[in-house]
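target_2.txt follows; it contains compact mmCIF, C-alpha atoms.
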```
# COMPACT_ATOMS: atom_id res chain seq x y z
CA MET L 1 116.48 193.34 254.78
CA ALA L 2 118.03 195.19 251.81
CA ILE L 3 118.61 198.33 253.86
CA ARG L 4 120.40 196.35 256.54
CA CYS L 5 122.71 194.86 253.93
CA VAL L 6 123.62 198.24 252.45
CA ALA L 7 124.34 199.62 255.90
CA SER L 8 126.60 196.72 256.83
CA ARG L 9 128.47 196.95 253.52
CA LYS L 10 129.29 200.62 254.22
CA THR L 11 130.81 199.86 257.57
CA LEU L 12 132.87 197.17 255.91
CA ALA L 13 134.64 199.64 253.65
CA GLY L 14 137.38 200.07 256.22
CA LEU L 15 138.00 196.37 256.48
CA LYS L 16 139.44 196.05 252.97
CA GLU L 17 142.88 195.09 254.16
CA THR L 18 141.64 192.02 255.99
CA SER L 19 141.39 188.73 254.17
CA SER L 20 137.71 188.20 254.89
CA ARG L 21 134.40 189.56 253.74
CA LEU L 22 130.76 189.29 254.66
CA ILE L 23 128.19 188.02 252.23
CA GLY L 24 124.53 187.30 252.38
CA PHE L 25 121.79 188.32 254.73
CA ARG L 26 123.04 186.30 257.66
CA GLY L 27 126.55 187.77 257.39
CA ILE L 28 128.47 184.54 257.00
CA GLN L 29 132.10 185.47 256.80
CA THR L 30 134.08 184.06 253.91
CA PHE L 31 137.70 184.55 252.99
CA THR L 32 139.98 185.82 250.26
CA LEU L 33 143.61 185.12 249.52
CA PRO L 34 145.79 187.94 250.92
CA ASP L 35 148.73 189.21 248.88
CA LEU L 36 152.21 188.31 250.04
CA PRO L 37 154.16 191.16 251.66
CA TYR L 38 157.12 190.43 249.33
CA ASP L 39 157.69 189.43 245.69
CA TYR L 40 157.57 185.76 244.75
CA GLY L 41 161.30 185.82 243.93
CA ALA L 42 162.33 187.66 247.07
CA LEU L 43 163.11 184.52 249.08
CA GLU L 44 165.59 183.13 246.56
CA PRO L 45 167.79 181.17 246.64
CA ALA L 46 166.28 179.52 249.73
CA ILE L 47 162.85 179.11 248.13
CA SER L 48 162.43 179.62 244.40
CA GLY L 49 160.05 182.19 242.95
CA GLU L 50 158.38 179.41 240.95
CA ILE L 51 157.50 177.54 244.13
CA MET L 52 156.31 180.68 245.93
CA GLN L 53 153.99 181.60 243.07
CA ILE L 54 152.41 178.17 242.71
CA HIS L 55 152.27 177.66 246.46
CA HIS L 56 150.45 180.97 246.99
CA GLN L 57 148.33 181.34 243.82
CA LYS L 58 147.36 177.70 243.43
CA HIS L 59 147.63 175.75 246.68
CA HIS L 60 146.67 178.45 249.18
CA GLN L 61 143.99 179.81 246.82
CA THR L 62 142.47 176.33 246.54
CA TYR L 63 142.25 176.04 250.33
CA VAL L 64 140.52 179.43 250.46
CA THR L 65 138.05 178.53 247.69
CA ASN L 66 137.24 175.13 249.18
CA TYR L 67 136.99 176.55 252.70
CA ASN L 68 134.46 179.14 251.52
CA ASN L 69 132.42 176.42 249.79
CA ALA L 70 132.48 174.29 252.93
CA LEU L 71 131.41 177.25 255.07
CA GLU L 72 128.47 178.04 252.79
CA GLN L 73 127.38 174.40 252.86
CA LEU L 74 127.83 174.39 256.64
CA ASP L 75 125.68 177.49 256.95
CA GLN L 76 122.88 175.84 255.02
CA ALA L 77 123.17 172.61 256.98
CA VAL L 78 123.10 174.49 260.29
CA SER L 79 120.02 176.51 259.30
CA LYS L 80 118.22 173.36 258.22
CA GLY L 81 119.21 171.60 261.43
CA ASP L 82 120.81 168.82 259.39
CA ALA L 83 123.16 167.40 262.00
CA SER L 84 124.63 164.64 259.90
CA ALA L 85 125.44 167.07 257.07
CA VAL L 86 127.13 169.32 259.62
CA VAL L 87 129.27 166.48 260.91
CA LYS L 88 130.07 165.29 257.38
CA LEU L 89 131.49 168.71 256.53
CA GLN L 90 133.97 168.70 259.41
CA SER L 91 136.81 167.10 257.48
CA ALA L 92 136.47 169.56 254.58
CA ILE L 93 136.54 172.39 257.11
CA LYS L 94 139.58 171.00 258.91
CA PHE L 95 141.48 170.36 255.67
CA ASN L 96 140.72 173.62 253.95
CA GLY L 97 140.28 175.93 256.93
CA GLY L 98 143.43 174.46 258.41
CA GLY L 99 145.21 174.97 255.10
CA HIS L 100 144.15 178.62 255.07
CA VAL L 101 145.11 179.25 258.71
CA ASN L 102 148.48 177.52 258.39
CA HIS L 103 149.48 179.31 255.21
CA LEU L 104 148.51 182.72 256.60
CA ILE L 105 151.04 182.07 259.37
CA PHE L 106 153.64 180.62 256.96
CA TRP L 107 153.78 183.69 254.69
CA LYS L 108 154.42 185.83 257.79
CA ASN L 109 157.03 183.36 259.02
CA LEU L 110 159.10 184.10 255.91
CA ALA L 111 160.90 187.29 254.96
CA PRO L 112 163.49 188.31 252.37
CA VAL L 113 167.01 188.48 253.77
CA LYS L 114 167.10 192.24 253.26
CA GLU L 115 164.02 192.57 255.43
CA GLY L 116 165.46 190.52 258.28
CA GLY L 117 164.83 187.00 257.03
CA GLY L 118 167.21 184.65 258.80
CA GLU L 119 168.25 187.15 261.48
CA PRO L 120 168.33 185.32 264.83
CA PRO L 121 165.65 186.19 267.38
CA LYS L 122 166.65 188.66 270.08
CA GLY L 123 164.83 189.76 273.21
CA SER L 124 162.63 187.47 275.23
CA LEU L 125 162.08 184.87 272.49
CA GLY L 126 165.84 184.58 271.92
CA SER L 127 166.39 183.94 275.63
CA ALA L 128 163.51 181.51 275.87
CA ILE L 129 164.96 179.52 272.96
CA ASP L 130 168.35 179.35 274.68
CA THR L 131 166.69 178.28 277.92
CA HIS L 132 164.53 175.54 276.38
CA PHE L 133 166.79 174.28 273.58
CA GLY L 134 170.29 175.31 274.63
CA SER L 135 170.76 177.53 271.62
CA LEU L 136 169.12 178.55 268.36
CA GLU L 137 171.23 175.90 266.60
CA GLY L 138 169.78 173.32 268.98
CA LEU L 139 166.24 174.38 268.12
CA VAL L 140 166.96 174.43 264.39
CA LYS L 141 168.50 170.95 264.56
CA LYS L 142 165.47 169.58 266.42
CA MET L 143 162.90 171.17 264.13
CA SER L 144 164.74 170.12 261.00
CA ALA L 145 164.99 166.52 262.22
CA GLU L 146 161.31 166.38 263.17
CA GLY L 147 160.28 168.04 259.92
CA ALA L 148 162.29 165.54 257.89
CA ALA L 149 160.68 162.66 259.77
CA VAL L 150 157.07 163.66 259.02
CA GLN L 151 155.65 160.82 256.93
CA GLY L 152 153.38 162.02 254.19
CA SER L 153 152.26 165.65 254.40
CA GLY L 154 152.36 168.00 257.36
CA TRP L 155 154.05 170.79 259.27
CA VAL L 156 156.73 171.22 261.90
CA TRP L 157 156.12 173.92 264.50
CA LEU L 158 157.74 175.98 267.18
CA GLY L 159 154.91 176.80 269.54
CA LEU L 160 154.31 178.47 272.86
CA ASP L 161 152.31 176.57 275.41
CA LYS L 162 150.46 179.50 277.00
CA GLU L 163 149.45 177.55 280.08
CA LEU L 164 152.74 175.88 280.88
CA LYS L 165 154.62 178.97 279.67
CA LYS L 166 157.13 176.99 277.67
CA LEU L 167 158.27 176.58 274.10
CA VAL L 168 157.50 173.32 272.33
CA VAL L 169 158.44 171.70 269.04
CA ASP L 170 155.73 169.57 267.48
CA THR L 171 154.48 168.32 264.14
CA THR L 172 150.99 168.10 262.68
CA ALA L 173 149.69 165.92 259.85
CA ASN L 174 148.14 167.24 256.67
CA GLN L 175 146.67 170.70 257.35
CA ASP L 176 145.93 170.19 261.02
CA PRO L 177 146.67 173.49 262.78
CA LEU L 178 148.97 173.37 265.83
CA VAL L 179 146.02 173.90 268.15
CA THR L 180 144.85 170.35 267.32
CA LYS L 181 147.85 169.11 269.32
CA GLY L 182 146.86 171.15 272.39
CA GLY L 183 144.34 173.89 273.05
CA SER L 184 146.90 176.15 274.73
CA LEU L 185 149.46 175.97 271.91
CA VAL L 186 150.18 179.18 269.99
CA PRO L 187 152.13 178.80 266.74
CA LEU L 188 155.26 180.95 266.51
CA VAL L 189 157.03 179.38 263.52
CA GLY L 190 155.55 176.80 261.17
CA ILE L 191 157.43 175.14 258.32
CA ASP L 192 155.39 173.52 255.59
CA VAL L 193 156.81 170.06 254.75
CA TRP L 194 154.17 169.09 252.18
CA GLU L 195 156.07 168.14 249.04
CA HIS L 196 154.52 171.08 247.18
CA ALA L 197 156.49 173.41 249.47
CA TYR L 198 159.85 172.27 248.10
CA TYR L 199 159.66 169.62 245.38
CA LEU L 200 160.30 171.68 242.24
CA GLN L 201 163.56 172.94 243.76
CA TYR L 202 164.76 170.31 246.21
CA LYS L 203 163.02 167.23 244.77
CA ASN L 204 163.11 164.31 247.21
CA VAL L 205 165.78 165.95 249.39
CA ARG L 206 163.55 167.42 252.09
CA PRO L 207 166.47 167.77 254.56
CA GLU L 208 168.17 170.19 252.12
CA TYR L 209 165.02 172.35 252.03
CA LEU L 210 164.92 172.29 255.83
CA LYS L 211 168.57 173.32 255.97
CA ASN L 212 168.00 176.31 253.70
CA VAL L 213 164.60 177.57 254.83
CA TRP L 214 166.09 178.96 258.05
CA LYS L 215 167.85 181.61 255.95
CA VAL L 216 164.49 183.26 255.33
CA ILE L 217 162.66 182.64 258.60
CA ASN L 218 161.20 185.87 259.96
CA TRP L 219 162.04 185.75 263.66
CA LYS L 220 160.74 189.31 264.13
CA TYR L 221 157.18 188.09 263.58
CA ALA L 222 157.67 185.10 265.89
CA SER L 223 159.01 187.46 268.57
CA GLU L 224 156.00 189.77 268.23
CA ILE L 225 153.60 186.89 268.78
CA TYR L 226 155.66 185.55 271.67
CA GLU L 227 155.83 188.92 273.44
CA LYS L 228 152.12 189.53 272.93
CA GLU L 229 151.21 186.16 274.44
CA CYS L 230 153.57 186.56 277.38
CA ASN L 231 152.08 189.86 278.53
CA MET U 1 144.08 137.94 255.15
CA ALA U 2 144.30 138.77 251.45
CA ALA U 3 147.48 137.55 249.76
CA SER U 4 149.69 139.89 247.80
CA THR U 5 149.70 139.04 244.15
CA ALA U 6 152.35 140.20 241.70
CA VAL U 7 154.64 141.81 244.26
CA THR U 8 156.51 139.05 246.01
CA ALA U 9 160.16 140.08 245.94
CA ASN U 10 161.55 140.67 249.40
CA TYR U 11 163.59 143.79 249.59
CA VAL U 12 164.79 144.43 246.09
CA LEU U 13 164.38 147.59 244.08
CA LYS U 14 162.85 146.01 240.98
CA PRO U 15 162.96 148.26 237.91
CA PRO U 16 159.64 149.06 236.20
CA PRO U 17 158.77 146.69 233.35
CA TYR U 18 159.65 149.44 230.82
CA ALA U 19 162.43 151.99 230.29
CA LEU U 20 162.30 155.13 232.44
CA ASP U 21 161.43 157.26 229.41
CA ALA U 22 158.86 154.84 227.99
CA LEU U 23 155.84 156.53 229.58
CA GLU U 24 156.56 159.92 227.99
CA PRO U 25 154.93 162.30 227.36
CA HIS U 26 152.37 161.25 229.97
CA MET U 27 154.86 160.66 232.77
CA SER U 28 158.29 162.13 232.21
CA LYS U 29 161.63 160.33 232.39
CA GLN U 30 162.62 162.89 235.03
CA THR U 31 159.68 161.85 237.19
CA LEU U 32 160.60 158.17 236.88
CA GLU U 33 164.24 158.94 237.67
CA PHE U 34 163.26 160.64 240.92
CA HIS U 35 160.17 158.66 241.82
CA TRP U 36 161.66 155.22 241.16
CA GLY U 37 165.36 156.08 241.39
CA LYS U 38 165.18 158.12 244.63
CA HIS U 39 161.85 157.73 246.48
CA HIS U 40 161.21 154.03 245.84
CA ARG U 41 164.90 153.20 246.25
CA ALA U 42 164.96 154.98 249.63
CA TYR U 43 161.95 153.00 250.90
CA VAL U 44 163.69 149.73 249.98
CA ASP U 45 167.10 150.74 251.40
CA ASN U 46 165.61 152.15 254.59
CA LEU U 47 163.42 149.09 255.09
CA LYS U 48 166.50 146.84 254.89
CA LYS U 49 168.28 148.93 257.52
CA GLN U 50 165.19 149.08 259.70
CA VAL U 51 164.54 145.30 259.90
CA LEU U 52 168.20 144.31 260.26
CA GLY U 53 168.66 142.41 263.49
CA THR U 54 164.94 142.33 264.27
CA GLU U 55 162.49 139.46 264.06
CA LEU U 56 161.19 140.96 260.82
CA GLU U 57 164.51 140.42 259.03
CA GLY U 58 164.18 138.07 256.07
CA LYS U 59 160.39 137.83 256.32
CA PRO U 60 158.34 138.30 253.13
CA LEU U 61 157.25 141.84 252.46
CA ASP U 62 153.52 141.23 252.84
CA HIS U 63 154.15 139.59 256.20
CA ILE U 64 156.03 142.69 257.39
CA ILE U 65 153.26 144.95 256.08
CA ASN U 66 150.52 143.09 257.95
CA LYS U 67 152.56 142.78 261.14
CA THR U 68 153.58 146.43 261.26
CA TYR U 69 150.11 147.72 260.29
CA ASN U 70 149.22 146.44 263.73
CA ASN U 71 145.47 147.08 263.26
CA GLY U 72 146.06 150.74 262.49
CA ASP U 73 148.47 151.46 265.34
CA LEU U 74 151.40 151.59 262.94
CA LEU U 75 154.77 150.24 263.92
CA PRO U 76 157.94 152.00 262.63
CA ALA U 77 158.70 149.72 259.68
CA PHE U 78 155.20 150.00 258.19
CA ASN U 79 155.87 153.12 256.16
CA ASN U 80 158.94 151.75 254.37
CA ALA U 81 157.54 148.25 253.91
CA ALA U 82 154.17 149.33 252.56
CA GLN U 83 155.65 152.03 250.36
CA ALA U 84 158.17 149.56 248.89
CA TRP U 85 155.25 147.26 248.04
CA ASN U 86 152.98 150.07 246.80
CA HIS U 87 155.54 151.47 244.41
CA GLU U 88 156.41 148.17 242.78
CA PHE U 89 152.66 147.60 242.37
CA PHE U 90 152.29 151.09 240.89
CA TRP U 91 154.98 150.68 238.19
CA GLU U 92 153.36 147.40 237.17
CA SER U 93 149.94 149.10 237.03
CA MET U 94 151.16 151.17 234.09
CA LYS U 95 152.48 150.51 230.61
CA PRO U 96 153.46 152.55 227.55
CA ASN U 97 150.39 153.29 225.36
CA GLY U 98 148.12 152.13 228.13
CA GLY U 99 144.89 153.52 229.47
CA GLY U 100 141.44 153.71 227.95
CA LYS U 101 138.68 151.18 228.33
CA PRO U 102 139.36 147.51 229.11
CA SER U 103 137.52 144.69 227.35
CA GLY U 104 136.30 141.19 227.99
CA GLU U 105 135.66 139.90 231.48
CA LEU U 106 137.21 142.89 233.20
CA LEU U 107 134.90 145.31 231.39
CA ALA U 108 131.93 143.06 232.20
CA LEU U 109 132.81 143.11 235.90
CA LEU U 110 133.34 146.88 235.92
CA GLU U 111 129.92 147.27 234.29
CA ARG U 112 128.40 144.86 236.80
CA ASP U 113 129.83 146.56 239.89
CA PHE U 114 129.81 150.22 238.78
CA THR U 115 126.96 150.08 236.17
CA SER U 116 129.34 151.37 233.46
CA TYR U 117 133.03 151.97 232.73
CA GLU U 118 132.26 155.71 232.80
CA LYS U 119 130.85 155.44 236.32
CA PHE U 120 133.93 153.48 237.44
CA TYR U 121 136.13 156.15 235.82
CA GLU U 122 134.28 158.89 237.70
CA GLU U 123 134.52 157.07 241.02
CA PHE U 124 138.20 156.21 240.66
CA ASN U 125 138.91 159.77 239.59
CA ALA U 126 137.01 161.22 242.54
CA ALA U 127 138.77 158.94 245.03
CA ALA U 128 142.19 159.91 243.67
CA ALA U 129 141.29 163.61 243.61
CA THR U 130 139.81 163.75 247.10
CA GLN U 131 142.42 161.74 249.03
CA PHE U 132 143.62 164.67 251.12
CA GLY U 133 147.36 164.93 251.61
CA ALA U 134 149.47 161.95 250.59
CA GLY U 135 147.97 158.61 249.63
CA TRP U 136 146.73 156.25 246.94
CA ALA U 137 143.55 155.35 245.09
CA TRP U 138 142.84 151.70 244.26
CA LEU U 139 140.63 149.35 242.35
CA ALA U 140 140.31 146.38 244.69
CA TYR U 141 138.54 143.03 244.83
CA ALA U 142 136.83 141.52 247.86
CA ASN U 143 133.87 139.17 248.39
CA ASP U 144 133.57 138.72 244.64
CA LYS U 145 133.07 142.46 244.10
CA LEU U 146 135.17 145.22 242.58
CA LYS U 147 135.37 148.46 244.51
CA VAL U 148 137.25 151.75 244.54
CA VAL U 149 139.17 152.55 247.71
CA LYS U 150 141.34 155.50 248.74
CA THR U 151 144.00 155.27 251.42
CA PRO U 152 146.23 157.77 253.27
CA ASN U 153 150.02 157.82 253.23
CA ALA U 154 151.31 154.22 252.97
CA VAL U 155 148.13 152.28 253.72
CA ASN U 156 147.04 149.75 251.08
CA PRO U 157 144.08 147.36 250.63
CA LEU U 158 146.15 144.35 251.77
CA VAL U 159 145.75 145.50 255.36
CA LEU U 160 142.07 146.25 254.79
CA GLY U 161 141.33 142.68 253.73
CA SER U 162 141.00 143.12 249.97
CA PHE U 163 143.07 142.30 246.88
CA PRO U 164 144.59 145.34 245.16
CA LEU U 165 144.11 145.30 241.38
CA LEU U 166 145.16 148.80 240.27
CA THR U 167 146.65 151.83 241.95
CA ILE U 168 147.52 155.45 241.35
CA ASP U 169 150.04 157.22 243.60
CA VAL U 170 148.67 160.63 244.65
CA TRP U 171 151.57 161.70 246.87
CA GLU U 172 152.65 165.06 245.41
CA HIS U 173 156.04 163.63 244.41
CA ALA U 174 154.22 161.38 241.92
CA TYR U 175 152.98 164.28 239.79
CA TYR U 176 154.54 167.53 240.87
CA LEU U 177 157.34 167.74 238.28
CA ASP U 178 154.91 167.04 235.42
CA PHE U 179 151.68 168.60 236.66
CA GLN U 180 152.56 170.78 239.68
CA ASN U 181 149.33 171.30 241.66
CA ARG U 182 147.11 169.95 238.87
CA ARG U 183 146.33 166.55 240.36
CA PRO U 184 143.08 166.15 238.34
CA ASP U 185 145.05 166.45 235.07
CA TYR U 186 147.52 163.82 236.30
CA ILE U 187 144.68 161.44 237.20
CA LYS U 188 143.03 161.86 233.78
CA THR U 189 146.35 161.28 232.02
CA PHE U 190 146.88 158.12 234.08
CA MET U 191 143.39 156.81 233.25
CA ASN U 192 143.51 157.73 229.57
CA ASN U 193 147.12 156.86 228.75
CA LEU U 194 148.89 154.74 231.34
CA VAL U 195 146.75 152.04 232.97
CA SER U 196 147.82 148.49 232.16
CA TRP U 197 144.54 146.57 232.03
CA GLU U 198 146.56 143.40 231.30
CA ALA U 199 148.19 143.70 234.71
CA VAL U 200 144.79 144.34 236.32
CA SER U 201 143.29 141.26 234.62
CA ALA U 202 146.18 139.05 235.71
CA ARG U 203 145.83 140.28 239.28
CA LEU U 204 142.07 139.68 239.18
CA GLU U 205 142.63 136.07 238.07
CA ALA U 206 145.11 135.56 240.91
CA ALA U 207 142.70 137.17 243.38
CA LYS U 208 139.82 134.93 242.31
CA ALA U 209 142.02 131.84 242.54
CA ALA U 210 143.25 132.85 245.99
CA SER U 211 139.69 133.56 247.15
CA SER U 212 138.30 130.21 246.00
CA SER U 213 141.20 128.25 247.42
CA SER U 214 140.69 129.78 250.87
CA ALA U 215 136.87 129.42 250.71
```

Rewrite the structure from the file as structure tokens, please.
Amino acid sequence: MAIRCVASRKTLAGLKETSSRLIGFRGIQTFTLPDLPYDYGALEPAISGEIMQIHHQKHHQTYVTNYNNALEQLDQAVSKGDASAVVKLQSAIKFNGGGHVNHLIFWKNLAPVKEGGGEPPKGSLGSAIDTHFGSLEGLVKKMSAEGAAVQGSGWVWLGLDKELKKLVVDTTANQDPLVTKGGSLVPLVGIDVWEHAYYLQYKNVRPEYLKNVWKVINWKYASEIYEKECN
Amino acid sequence: MAASTAVTANYVLKPPPYALDALEPHMSKQTLEFHWGKHHRAYVDNLKKQVLGTELEGKPLDHIINKTYNNGDLLPAFNNAAQAWNHEFFWESMKPNGGGKPSGELLALLERDFTSYEKFYEEFNAAAATQFGAGWAWLAYANDKLKVVKTPNAVNPLVLGSFPLLTIDVWEHAYYLDFQNRRPDYIKTFMNNLVSWEAVSARLEAAKAASSSSA
């Protein structure tokens, strides 16, 4: 047993840059909070450094911590064959796992202006947006309106329906990932409209946050995902 | 269906029963200015616009709430109507120099239904802390029993068939300026320093009277 663990830890050395790690004999994979690829203040004035720091170090970290706890409890429940414990854990897994998944995408959806944040999408994604929404402005208007209308907490998404091969705009509640709205949906851009994403700076004026966030949206990342899925 | 108690005004933005800075340092004036002055105000104003020219216009607020709850399949006006009600109920659930342990009959009932005030405190705290996303935690009364309930977004115990007695708003806008992500600290501060047990007692009396008259 011990020898197997040492061996597997060695092969893991190269995986340091990923946000997950293996623990225990059975190799259950748990997660760590990845660093942001930019400074907390780098998205100002669209999103304040104060918000970015709390959002990343507190909110996202909490999802990671709670997701890991839920996974460990799930592992135990599964090994014991405790079906009702397994089912009972599903909401903690959806909330916290969803929170982790969604925020991993969100940090990549944002970029400082000097690294291309806000630059309109070119190439195939740019054309697809024009085809489906008339123009980028049309898409932005639609997403901002739907994001403002989310009641309570949630996200607004630009997604690709892999099966129907079309772009869609949709919203999800709480930390539900986009895939909960359709198994063939791939998230391209997600905008967090939980109050914690904007309150310290924009207070109750969510539409103002939605107007400004586009200045730091990283369309390069969205294009990469889109091109990968379309090939 | 359970009757609403203290909150009966139709669509008026009633000010809290204390000045906006009176809950400091536990809840800042800035929070009240935004939470009451912007969020609550918007629910009231938007509700008025939303019911104008519809069959809901002019109906009492609790009627609109029950109608638009629609057994869980929410109709458009539910969010504004319920949130207008919830917020008025919330301001009246607090008072300057509030919080701590109640006394008299209320304490006796808490001890009866939760075995101790401390157990009630724990349960209320846990409900408020674990309501994922936006929502509320409540002390409610039904079938001659006190219970703790948590609800998502705008839902309140009125639509679940019980009498609300106390609430804490756990939408992030309720605590973010003062506590940021630290919801547990906000909940403790509310319990220790803000709860108006007088308001809870008055609501309990009204709930008992309404229960016995409909029995």

Counting all atoms listed in the file, a student should be able to say which residues of chain U come within 8 Å of chain L; what is the right answer, written as a ChimeraX atom specification? /U:34,38-39,79,132-135,153,171-173,176-177,180-181

Length of the CA of Lys228 (chain L) to CA of Val193 (chain L) vector [Å]: 27.0 Å

Between CA of Glu50 (chain L) and CA of His35 (chain U), what is the distance, to one decimal in Å? 20.8 Å

Applying 10 Å and all atoms listed in the file, which residues near Asp39 (chain L) remain after dropping the ones on its own chain fewer than 2 positions away? List them as an NGL selection string. :L and (35-37 or 41-43 or 49 or 52-53 or 112)

If you count only C-alpha atoms, which residues fall within 12 Å of Lys59 (chain U), apart from same-chain ones fewer than 3 positions away, as a list in words? Thr8, Ala9, Asn10, Tyr11, Leu47, Lys48, Val51, Leu52, Gly53, Thr54, Glu55, Leu56, Asp62, His63, Ile64, Ile65, Asn66, Lys67 and Ala81 of chain U

Residue among L:Ile93, L:Leu71, L:Val169, L:Leu110 lying closest to Lys142 (chain L), counting all atoms listed in the file: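 Result for the nearest residue to Lys142 (chain L): L:Val169.
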
Ranking L:Phe31, L:Tyr38, L:Trp107, L:Tyr226 by minimum distance to Lys165 (chain L) and counting all atoms listed in the file, which one comes first?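 Closest residue, counting all atoms listed in the file: L:Tyr226.
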
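For the pair CA of Ser48 (chain L) and CA of Thr171 (chain L), the separation is 24.1 Å.
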
Shell of 12 Å around Glu224 (chain L), all atoms listed in the file, local chain residues under 4 positions omitted, as an mmCIF file with C-alpha atoms, in the coordinates of the input:
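Printed below is selection-v3.cif as written:
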```
data_model
loop_
_atom_site.group_PDB
_atom_site.id
_atom_site.type_symbol
_atom_site.label_atom_id
_atom_site.label_comp_id
_atom_site.auth_asym_id
_atom_site.auth_seq_id
_atom_site.Cartn_x
_atom_site.Cartn_y
_atom_site.Cartn_z
ATOM 1 C CA LYS L 108 154.420 185.830 257.790
ATOM 2 C CA ASN L 109 157.030 183.360 259.020
ATOM 3 C CA PRO L 121 165.650 186.190 267.380
ATOM 4 C CA LYS L 122 166.650 188.660 270.080
ATOM 5 C CA GLY L 123 164.830 189.760 273.210
ATOM 6 C CA SER L 124 162.630 187.470 275.230
ATOM 7 C CA LEU L 125 162.080 184.870 272.490
ATOM 8 C CA GLY L 126 165.840 184.580 271.920
ATOM 9 C CA PRO L 187 152.130 178.800 266.740
ATOM 10 C CA LEU L 188 155.260 180.950 266.510
ATOM 11 C CA VAL L 189 157.030 179.380 263.520
ATOM 12 C CA ASN L 218 161.200 185.870 259.960
ATOM 13 C CA TRP L 219 162.040 185.750 263.660
ATOM 14 C CA LYS L 220 160.740 189.310 264.130
ATOM 15 C CA LYS L 228 152.120 189.530 272.930
ATOM 16 C CA GLU L 229 151.210 186.160 274.440
ATOM 17 C CA CYS L 230 153.570 186.560 277.380
ATOM 18 C CA ASN L 231 152.080 189.860 278.530
#
```

All residues 10 Å or closer to Leu20 (chain U), only C-alpha atoms, same chain fewer than 3 positions away omitted, as a ChimeraX atom specification: /U:15-17,23-24,27-33,36-37

Please return as a PyMOL selection string every residue within 12 Å of (141.3, 141.3, 248.3), taking into account all atoms listed in the file and the file's own coordinates. chain U and resi 1-5+138-149+156-166+203-212+214

Find the residues around Ala84 (chain U) up to 10 Å (only C-alpha atoms counted), leave out those fewer than 6 positions away in its own chain, and share them as a list in words. Val7, Asn10, Tyr11, Val12, Leu13, Lys14, His39, His40, Arg41, Ala42, Tyr43, Val44, Asp45, Asn46, Leu47, Leu61, Ile65, Phe78 and Ala154 of chain U

Find, counting all atoms listed in the file, the residue in L:Ser184, L:Ser135, L:Asn102, L:Gln73 that gets nearest to Gly159 (chain L). L:Ser184

Between U:Ser213, U:Pro76, U:Ala128, U:Ser201, which residue has the minimum interatomic distance to Ala108 (chain U), considering only C-alpha atoms?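 Closest to Ala108 (chain U), using only C-alpha atoms: U:Ser201.
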
Around all the atoms of region 186-203 of chain U listed in the file, draw an axis-aligned box and extend it by 4 Å on each of the six sides; I want its centre and edge lengths in Å to one decimal, as JSON.
```
{"center_x": 146.0, "center_y": 151.4, "center_z": 234.0, "size_x": 13.9, "size_y": 32.8, "size_z": 18.5}
```
